[in-house]
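Here is the structure we will look at.
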Amino acid sequence: MSDLRQLWTTLTRPRGARRRARWGRKGGSERSGVAILMVIATLMVLVVITSELAYGARVRFMVANHQRERAQAYWVARSGYNLARIILIADREIANQASGNSFIPDEIKGLLGGGMLWNMLGPMLNTGILRMIMGAGGSISDVDKEDLEAYEQSGEVPEEYKADEEDKPSRFSDKSFLDFDGDFMVEITDMESRFNINAFASEQTVGSITESGTGKALFAMMSGPENDQWFYEQNIDRWEVISNLKDWVDPDNVRSGLRGGYEDTLYNRLDPPYLTKNAPFDSLAEITMVDGWQGELYDRYADRFTVFGDPNGKVNYQTADDLVVYAAVSDCMQGAYTPDLWVTTLERLSEQDLLFIPAMLEPKDYVQKLVDAGVPMDANCAAGKLTKESKVFLVKATGIVAQSSVTLTAILDFTNASEGDLVYWRVD
């Protein structure tokens with residue numbers, strides 16, 4: 001600081017004063033050094049302006065580049081979504097054609113009508129595997145199993161499956177389906193493989209939650225030694241959190257839990273407060289607004305819940321988890337039968353009975369197999385809780401271009417439309 005002060009004093013000292021200091025005689029009063037200060041200050045201002053312009057230009061370039069990549073990623077994801085939708089439409093058409101053909105055995109109709117196409121092609125709906133198949137010759141059997149497993153772990157296509165430069169289409173030739181920058185990954189999940197908690201809205205039950213068929217199904221899903229221990233450690237009353245779901249959906253304002261009271265008292269104390277919806281859920285994430293369903297409890301069961309699918313809560317026993325099927329038919333049980341016993345029975349049937357192929361069995365035949373194996377339940381009641389046809393699907397397509405990614409989440413309902421009604425759409 002002292003050096004800067006001395007430099008400033010020297011540059012701004014009158015010329016005569018400098019001469020007197022140097023030669024000991026009088027000099028003029030004119031000042032010198034101001035010009036160089038102005039030059040330095042001007043240069044500093046120019047440097048700052050130039051740096052700011054360069055930085056701003058770089059930021060704008062990076063933002064524009066990111067927006068371009070994000071737009072490309074969106075359309076790559078859209079391509080994956082469209083491919084999944086085509087497969088679902090084709091699957092429905094195959095099932096419809098098979099059902100009207102009297103020459104096809106009922107067992108084969110069951111296989112064709114059980115989502116054979118999307119179940120078979122769904123795991124392969126990503127550009128990495130598709131490019132491996134096309135590079136290997138056009139068939140999944142031409143791809144080495146070890147290479148396929150290596151791709152699933154690393155996401156890198158082995159060199160032997162990549163097309164040579166001379167094999168690639170030229171600028172003027174027709175492009176192949178996968179000749180684009182970026183990748184997409186698609187997941188297809190049928191909503192009938194999960195339990196529809198909006199089934200509370202179609203129930204006619206009025207009163208305690210323990211009288212609700214949907215409530216009993218959810219309680220059965222949350223039962224078993226492992227669940228019992230978890231709820232004990234978390235100090236959560238299962239019937240209370242289940243009743244909170246019912247209260248959010250049902251049209252009345254009275255709590256259906258064992259403690260009674262008014263539904264809105266749980267939410268009036270919040271900041272900001274809100275009221276129960278008294279209408280079906282519009283999305284799965286809406287469950288987190290229900291008292292008690294935040295954090296670990298939601299994470300534990302979200303993969304087995306849906307707010308779409310069959311309005312009465314029917315479950316597809318071909319695609320659903322064993323415990324979801326158990327929960328669906330639990331209200332039809334005529335005696336004590338734990339989830340562990342249920343899973344053990346299914347495993348034993350699969351090993352011992354060669355004819356126990358769910359895709360080839362109608363609901364009544366599937367249930368009868370279980371009754372014959374010792375499951376104590378009303379066969380007619382249980383068959384009415386199950387289905388072998390999925391009509392509502394979750395399609396999740398992710399497009400990746402460079403460092404940008406876009407995920408499309410869609411719900412397609414094929415109940416009333418052969419091409420599927422789009423009932424939910426989200427872009428992340």
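To be explicit about the labels: the chains of the structure tokens are called A, B, and onward in the order shown, and within each one the residues are counted from 1, while ligands get numbers from 1 in the order they are shown.
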
Per-residue nearest contacts of region 339-406 of chain A to region 60-79 of chain A (9 Å; only C-alpha atoms) as a tab-separated table:
residue	atom	partner	partner_atom	distance
A:Lys396	CA	A:Ala77	CA	8.9
A:Ala397	CA	A:Ala77	CA	5.3
A:Thr398	CA	A:Ala77	CA	5.0
A:Gly399	CA	A:Ala77	CA	4.0
A:Ile400	CA	A:Ala73	CA	5.2
A:Val401	CA	A:Ala73	CA	5.3
A:Ala402	CA	A:Glu69	CA	7.0
A:Gln403	CA	A:Glu69	CA	7.9
A:Ser404	CA	A:Arg70	CA	5.5
A:Ser405	CA	A:Ala73	CA	5.7
A:Val406	CA	A:Tyr74	CA	5.4

Write a file of the selected residues as an mmCIF file, in the first residue's frame, keeping all heavy atoms.
data_model
loop_
_atom_site.group_PDB
_atom_site.id
_atom_site.type_symbol
_atom_site.label_atom_id
_atom_site.label_comp_id
_atom_site.auth_asym_id
_atom_site.auth_seq_id
_atom_site.Cartn_x
_atom_site.Cartn_y
_atom_site.Cartn_z
ATOM 1 N N LYS A 396 -42.066 -45.159 -19.512
ATOM 2 C CA LYS A 396 -41.057 -44.202 -19.051
ATOM 3 C C LYS A 396 -39.883 -44.245 -20.022
ATOM 4 O O LYS A 396 -39.160 -45.239 -20.082
ATOM 5 C CB LYS A 396 -40.606 -44.552 -17.631
ATOM 6 C CG LYS A 396 -39.735 -43.488 -16.981
ATOM 7 C CD LYS A 396 -39.468 -43.834 -15.532
ATOM 8 C CE LYS A 396 -38.677 -42.733 -14.830
ATOM 9 N NZ LYS A 396 -38.433 -43.066 -13.405
ATOM 10 N N ALA A 397 -39.723 -43.176 -20.800
ATOM 11 C CA ALA A 397 -38.685 -43.112 -21.834
ATOM 12 C C ALA A 397 -37.689 -42.016 -21.488
ATOM 13 O O ALA A 397 -38.081 -40.873 -21.242
ATOM 14 C CB ALA A 397 -39.314 -42.854 -23.199
ATOM 15 N N THR A 398 -36.409 -42.367 -21.487
ATOM 16 C CA THR A 398 -35.339 -41.417 -21.189
ATOM 17 C C THR A 398 -34.454 -41.253 -22.411
ATOM 18 O O THR A 398 -33.951 -42.246 -22.952
ATOM 19 C CB THR A 398 -34.488 -41.892 -20.009
ATOM 20 O OG1 THR A 398 -35.316 -42.035 -18.847
ATOM 21 C CG2 THR A 398 -33.376 -40.896 -19.696
ATOM 22 N N GLY A 399 -34.284 -40.017 -22.863
ATOM 23 C CA GLY A 399 -33.385 -39.709 -23.969
ATOM 24 C C GLY A 399 -32.121 -39.047 -23.455
ATOM 25 O O GLY A 399 -32.192 -38.158 -22.597
ATOM 26 N N ILE A 400 -30.970 -39.471 -23.962
ATOM 27 C CA ILE A 400 -29.676 -38.943 -23.507
ATOM 28 C C ILE A 400 -28.882 -38.481 -24.719
ATOM 29 O O ILE A 400 -28.649 -39.261 -25.656
ATOM 30 C CB ILE A 400 -28.877 -40.019 -22.739
ATOM 31 C CG1 ILE A 400 -29.680 -40.532 -21.541
ATOM 32 C CG2 ILE A 400 -27.538 -39.459 -22.276
ATOM 33 C CD1 ILE A 400 -29.011 -41.685 -20.812
ATOM 34 N N VAL A 401 -28.465 -37.230 -24.713
ATOM 35 C CA VAL A 401 -27.602 -36.662 -25.744
ATOM 36 C C VAL A 401 -26.498 -35.894 -25.036
ATOM 37 O O VAL A 401 -26.782 -34.929 -24.316
ATOM 38 C CB VAL A 401 -28.371 -35.740 -26.706
ATOM 39 C CG1 VAL A 401 -27.411 -35.083 -27.684
ATOM 40 C CG2 VAL A 401 -29.439 -36.512 -27.447
ATOM 41 N N ALA A 402 -25.245 -36.341 -25.225
ATOM 42 C CA ALA A 402 -24.099 -35.738 -24.543
ATOM 43 C C ALA A 402 -24.337 -35.734 -23.029
ATOM 44 O O ALA A 402 -24.563 -36.778 -22.446
ATOM 45 C CB ALA A 402 -23.822 -34.339 -25.095
ATOM 46 N N GLN A 403 -24.353 -34.560 -22.412
ATOM 47 C CA GLN A 403 -24.539 -34.465 -20.971
ATOM 48 C C GLN A 403 -25.975 -34.145 -20.573
ATOM 49 O O GLN A 403 -26.256 -33.948 -19.397
ATOM 50 C CB GLN A 403 -23.608 -33.375 -20.392
ATOM 51 C CG GLN A 403 -22.142 -33.605 -20.674
ATOM 52 C CD GLN A 403 -21.640 -34.900 -20.067
ATOM 53 O OE1 GLN A 403 -21.981 -35.252 -18.937
ATOM 54 N NE2 GLN A 403 -20.820 -35.628 -20.816
ATOM 55 N N SER A 404 -26.873 -34.087 -21.540
ATOM 56 C CA SER A 404 -28.261 -33.726 -21.257
ATOM 57 C C SER A 404 -29.158 -34.953 -21.342
ATOM 58 O O SER A 404 -28.929 -35.848 -22.160
ATOM 59 C CB SER A 404 -28.750 -32.669 -22.252
ATOM 60 O OG SER A 404 -27.964 -31.494 -22.158
ATOM 61 N N SER A 405 -30.163 -35.001 -20.488
ATOM 62 C CA SER A 405 -31.118 -36.099 -20.516
ATOM 63 C C SER A 405 -32.519 -35.564 -20.233
ATOM 64 O O SER A 405 -32.692 -34.608 -19.480
ATOM 65 C CB SER A 405 -30.753 -37.172 -19.481
ATOM 66 O OG SER A 405 -30.877 -36.667 -18.166
ATOM 67 N N VAL A 406 -33.506 -36.187 -20.855
ATOM 68 C CA VAL A 406 -34.916 -35.844 -20.671
ATOM 69 C C VAL A 406 -35.681 -37.142 -20.471
ATOM 70 O O VAL A 406 -35.468 -38.114 -21.203
ATOM 71 C CB VAL A 406 -35.472 -35.076 -21.884
ATOM 72 C CG1 VAL A 406 -36.976 -34.872 -21.738
ATOM 73 C CG2 VAL A 406 -34.772 -33.731 -22.037
#

Exercise. For Thr210 (chain A), please output as a list in words all residues within 9 Å (counting only C-alpha atoms; exclusion window: fewer than 2 positions along the same chain).
Key: Gly207, Ser208, Ser212, Gly213, Gly215, Lys216, Trp239, Ser243, Ser256, Gly257 and Leu258 of chain A

Just to be explicit: take each residue in the selection above, keep C-alpha atoms, and write the result as a PDB file, in the first residue's frame.
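Full text of out20.pdb as output:
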ATOM      1  CA  GLY A 207     -67.720 -47.212   8.615  1.00  0.00           C
ATOM      2  CA  SER A 208     -64.477 -48.530  10.068  1.00  0.00           C
ATOM      3  CA  SER A 212     -63.129 -52.032   3.758  1.00  0.00           C
ATOM      4  CA  GLY A 213     -62.047 -54.647   1.206  1.00  0.00           C
ATOM      5  CA  GLY A 215     -58.209 -51.547   3.368  1.00  0.00           C
ATOM      6  CA  LYS A 216     -57.924 -55.264   4.123  1.00  0.00           C
ATOM      7  CA  TRP A 239     -54.709 -49.254  10.143  1.00  0.00           C
ATOM      8  CA  SER A 243     -57.477 -45.131   6.819  1.00  0.00           C
ATOM      9  CA  SER A 256     -62.584 -44.083   9.003  1.00  0.00           C
ATOM     10  CA  GLY A 257     -59.728 -44.906  11.367  1.00  0.00           C
ATOM     11  CA  LEU A 258     -60.233 -46.542  14.738  1.00  0.00           C
TER      12      LEU A 258
END

Self-check item: Shell of 10 Å around Tyr298 (chain A), only C-alpha atoms, local chain residues under 6 positions omitted, as a PyMOL selection string
Solution: chain A and resi 284-285+287-288+292+305

Quiz item: Nearest to Val329 (chain A): which of A:Tyr81, A:Phe219, A:Tyr274, A:Phe200 is it, counting only C-alpha atoms?
Solution: A:Phe219

Exercise. Give me the residues within 12 Å of Asp331 (chain A) as a PyMOL selection string, counting only C-alpha atoms and dropping any in the same chain fewer than 6 places off.
Key: chain A and resi 210-221+325+337+376-385

Limited to C-alpha atoms, could you put the picked residues into a file as a compact mmCIF listing (two decimals), in the first residue's frame?
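Full text of result18.txt as output:
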# COMPACT_ATOMS: atom_id res chain seq x y z
CA THR A 210 -61.40 -52.77 8.97
CA GLU A 211 -64.64 -53.31 7.01
CA SER A 212 -63.13 -52.03 3.76
CA GLY A 213 -62.05 -54.65 1.21
CA THR A 214 -59.40 -52.29 -0.17
CA GLY A 215 -58.21 -51.55 3.37
CA LYS A 216 -57.92 -55.26 4.12
CA ALA A 217 -55.90 -55.76 0.93
CA LEU A 218 -53.43 -53.01 1.90
CA PHE A 219 -53.12 -54.39 5.42
CA ALA A 220 -52.38 -57.85 3.97
CA MET A 221 -49.70 -56.32 1.75
CA VAL A 325 -51.73 -60.97 -5.77
CA TYR A 337 -52.95 -67.82 5.73
CA PRO A 376 -58.28 -71.63 2.22
CA MET A 377 -60.26 -69.12 0.16
CA ASP A 378 -63.55 -68.65 -1.65
CA ALA A 379 -62.73 -69.49 -5.27
CA ASN A 380 -65.49 -67.36 -6.82
CA CYS A 381 -64.61 -64.38 -4.66
CA ALA A 382 -60.89 -64.64 -5.47
CA ALA A 383 -61.45 -65.08 -9.21
CA GLY A 384 -63.42 -61.82 -9.20
CA LYS A 385 -60.40 -59.99 -7.75

Quiz item: Suppose you want the space between CA of Thr127 (chain A) and CA of Phe308 (chain A); what is it in Å?
Solution: 28.7 Å

Practice problem: Have a look at A:Leu370, A:Tyr262, A:Leu117, A:Val45 and name the one nearest to Ile94 (chain A); count only C-alpha atoms. | Solution: A:Leu117

Quiz item: Quick one: residues within 10 Å of Pro225 (chain A), only C-alpha atoms counted, chain neighbours fewer than 2 positions away excluded, as a ChimeraX atom specification?
Solution: /A:222-223,227-230,338-340

Written selection (N, CA, C and O atoms) as a JSON list (two decimals), in the first residue's frame:
[["chain", "number", "residue", "atom", "x", "y", "z"],
["A", 222, "MET", "N", -49.05, -55.26, 3.84],
["A", 222, "MET", "CA", -48.12, -54.77, 4.84],
["A", 222, "MET", "C", -47.90, -55.76, 5.98],
["A", 222, "MET", "O", -47.34, -55.40, 7.01],
["A", 223, "SER", "N", -48.36, -56.99, 5.81],
["A", 223, "SER", "CA", -48.25, -57.99, 6.87],
["A", 223, "SER", "C", -47.02, -58.87, 6.65],
["A", 223, "SER", "O", -46.32, -58.75, 5.65],
["A", 227, "ASN", "N", -42.45, -57.07, 7.82],
["A", 227, "ASN", "CA", -43.25, -55.84, 7.91],
["A", 227, "ASN", "C", -43.66, -55.55, 9.35],
["A", 227, "ASN", "O", -43.65, -54.39, 9.78],
["A", 228, "ASP", "N", -44.03, -56.59, 10.08],
["A", 228, "ASP", "CA", -44.42, -56.39, 11.48],
["A", 228, "ASP", "C", -43.29, -55.73, 12.27],
["A", 228, "ASP", "O", -43.52, -54.79, 13.05],
["A", 229, "GLN", "N", -42.07, -56.21, 12.05],
["A", 229, "GLN", "CA", -40.93, -55.67, 12.77],
["A", 229, "GLN", "C", -40.66, -54.22, 12.36],
["A", 229, "GLN", "O", -40.37, -53.37, 13.21],
["A", 230, "TRP", "N", -40.78, -53.94, 11.06],
["A", 230, "TRP", "CA", -40.50, -52.58, 10.58],
["A", 230, "TRP", "C", -41.51, -51.59, 11.15],
["A", 230, "TRP", "O", -41.13, -50.51, 11.61],
["A", 338, "THR", "N", -50.74, -66.83, 5.93],
["A", 338, "THR", "CA", -49.76, -65.75, 5.93],
["A", 338, "THR", "C", -49.18, -65.54, 4.55],
["A", 338, "THR", "O", -49.22, -66.43, 3.69],
["A", 339, "PRO", "N", -48.58, -64.37, 4.31],
["A", 339, "PRO", "CA", -47.91, -64.12, 3.03],
["A", 339, "PRO", "C", -46.80, -65.13, 2.75],
["A", 339, "PRO", "O", -46.60, -65.52, 1.59],
["A", 340, "ASP", "N", -46.08, -65.54, 3.79],
["A", 340, "ASP", "CA", -44.99, -66.50, 3.58],
["A", 340, "ASP", "C", -45.53, -67.84, 3.07],
["A", 340, "ASP", "O", -44.95, -68.47, 2.18]]

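Taking only C-alpha atoms into account, Asp250 (chain A) lies nearest to A:Ala201 out of the set A:Leu270, A:Ala201, A:Ile236, A:Val34.
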